[in-house]
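Student: Here it is: the structure, laid out below.
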Amino acid sequence: MPTSSASTNDSARSAASGGVQSLERAFDLLERMADAGGEVGLSELSASSGLPLPTIHRLMRTLVACGYVRQQPNRRYALGPRLIRLGESASRLLGTWARPYLARLVEETGETANMALLDGDEIVYVAQVPSKHSMRMFTEVGRRVLPHSTGVGKALLAGFPPEEVRALLGRTGMPAATDRTITTPDGFLAALEDVRRLGYAMDDNEQEIGVRCLAVPVPDSPTAAAISISGPAGRVTESATEKIVPVLQQVAAELSEALTTPGTGPTG
């Protein structure tokens, strides 16, 4: 009986990694469901994964029984509630793993370093290492803010299609935190063009007067993440920005490698 190319590739990958093929397939299906918005039909999964329908049906039955997937009344499958607890725990660990990298940022830039994720329509700060200066910025871990007035929000949304950004802004609104906050979708989309062109984002007195923040995304992060430094505008000057941005980009690349390399944990 002919073997599908997907099955052949799965077998080769499992043999190379010493892994369990059914587990690899199950996690692959969960990620495909997430990429599709969280709800899919079996035929869609078969088309995207290359796996035969009976195999997918068997794996989905197991995931449903475990609570990681649920079957909807329309017979389609949706990500299940048990994944929420796993995601919340993983998000907390992500902040823990990032701390050595943030500490390096503080050592090399002198300013407070942060890590933030996009959670739904909001930015949530998951880690921070404070500056050693007596005058320093402080953002409580767990704090939630709207993306349009933050450097990390710009860094994260710069990778999204414009129509998705407009939809998000429509849901959240664009309240002004200061008189420097961008409060129109067109203005914000123009700012995202600058982020893509320059390779970094800036919050220039937009969240709090007297404070500047520089941010970059963490490439290929398992969930949309960004790191940043923040400090008084008098210290985070144009000349300081030229020195800080390459450090941010380098640390983000190293953190990305640690997060995405199988079998290794971030160590800093």
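Chains: A, B, ... in order of the structure tokens. Residues: from 1 per chain. Ligands: from 1, in order shown.
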For stretch 74-139 of chain A against stretch 43-66 of chain A, with a cut-off of 10 Å and counting only C-alpha atoms, what is the closest atom pair and its distance in Å to one decimal for every residue that makes the cut, ordered by chain and number, as CSV?
Tutor:
```
residue,atom,partner,partner_atom,distance
A:Arg76,CA,A:Ser43,CA,9.8
A:Tyr77,CA,A:Met60,CA,8.2
A:Ala78,CA,A:Val64,CA,9.4
A:Leu79,CA,A:Val64,CA,9.1
A:Gly80,CA,A:Val64,CA,7.8
A:Arg82,CA,A:Cys66,CA,8.3
```
Student: Please provide as a PyMOL selection string all residues within 7 Å of stretch 193-207 of chain A, with the sequence filter that same-chain residues fewer than 3 positions apart are discarded (counting only C-alpha atoms).
Tutor: chain A and resi 149-151+154-155+158+177-178+180-181+189-190+210-216
Student: Running DSSP on the backbone, which parts of stretch 51-227 of chain A land in helix (DSSP H, G or I), as a PyMOL selection string?
Tutor: chain A and resi 53-66+82-109+147-149+151-157+162-172+185-198
Student: Of the candidates A:Asp35, A:Leu156, A:Gly170, A:Glu163, which shows the shortest atom-to-atom distance to A:Pro219, using only C-alpha atoms?
Tutor: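 Of the candidates, the smallest distance to A:Pro219 is held by A:Leu156.
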Student: What parts of stretch 17-261 of chain A does DSSP call strand (DSSP E)? I'd like the answer as number ranges by chain.
Tutor: A: 39-40, 69-71, 77-79, 112-119, 122-129, 144-145, 201-204, 211-217, 225-232
Student: One decimal, in Å: what's the spacing between atom CA of A:Gly173 and atom CA of A:Gly159?
Tutor: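 Atom CA of A:Gly173 sits 19.9 Å away from atom CA of A:Gly159.
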Student: Would you list the contacts of stretch 250-257 of chain A as number ranges by chain, taking every protein, DNA or RNA residue within 7 Å and counting only C-alpha atoms, but skipping same-chain residues closer than 6 positions in sequence?
Tutor: A: 101, 218-221, 227
Student: Take the residues that were just selected and, keeping N, CA, C and O atoms, output them as an mmCIF file, in the first residue's frame.
Tutor:
```
data_model
loop_
_atom_site.group_PDB
_atom_site.id
_atom_site.type_symbol
_atom_site.label_atom_id
_atom_site.label_comp_id
_atom_site.auth_asym_id
_atom_site.auth_seq_id
_atom_site.Cartn_x
_atom_site.Cartn_y
_atom_site.Cartn_z
ATOM 1 N N TYR A 101 18.094 37.424 29.822
ATOM 2 C CA TYR A 101 18.307 38.257 28.636
ATOM 3 C C TYR A 101 17.973 39.719 28.947
ATOM 4 O O TYR A 101 18.666 40.641 28.501
ATOM 5 N N VAL A 218 10.443 39.673 19.283
ATOM 6 C CA VAL A 218 11.292 38.490 19.391
ATOM 7 C C VAL A 218 10.980 37.616 18.184
ATOM 8 O O VAL A 218 9.871 37.091 18.066
ATOM 9 N N PRO A 219 11.919 37.481 17.238
ATOM 10 C CA PRO A 219 11.619 36.753 15.994
ATOM 11 C C PRO A 219 11.216 35.306 16.263
ATOM 12 O O PRO A 219 11.805 34.637 17.115
ATOM 13 N N ASP A 220 10.189 34.837 15.546
ATOM 14 C CA ASP A 220 9.773 33.431 15.593
ATOM 15 C C ASP A 220 9.401 32.955 16.989
ATOM 16 O O ASP A 220 9.453 31.755 17.281
ATOM 17 N N SER A 221 9.025 33.878 17.871
ATOM 18 C CA SER A 221 8.605 33.472 19.213
ATOM 19 C C SER A 221 7.369 32.585 19.117
ATOM 20 O O SER A 221 6.506 32.799 18.263
ATOM 21 N N ILE A 227 10.552 42.638 23.333
ATOM 22 C CA ILE A 227 11.339 43.114 24.462
ATOM 23 C C ILE A 227 11.603 44.596 24.255
ATOM 24 O O ILE A 227 11.601 45.101 23.132
#
```
Student: Rank A:Arg75, A:Arg235, A:Arg144, A:Arg25 by their smallest atom-to-atom distance to A:Val40, using only C-alpha atoms, and report the top residue only.
Tutor: A:Arg75
Student: Mind pulling up the distance from atom CA of A:Ser230 to atom CA of A:Glu108?
Tutor: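 Result for atom CA of A:Glu108 versus atom CA of A:Ser230: 13.2 Å, one decimal.
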Student: Grab the atom CA of A:Leu83 to atom CA of A:Gly95 distance for me, in Å with one decimal place.
Tutor: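 We find that atom CA of A:Leu83 and atom CA of A:Gly95 lie 18.6 Å from each other.
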Student: With distances taken over only C-alpha atoms, which of A:Ser228, A:Thr241, A:Thr172, A:Ser134 is nearest to A:Leu117?
Tutor: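 Of all the options, A:Ser228 lies closest to A:Leu117.
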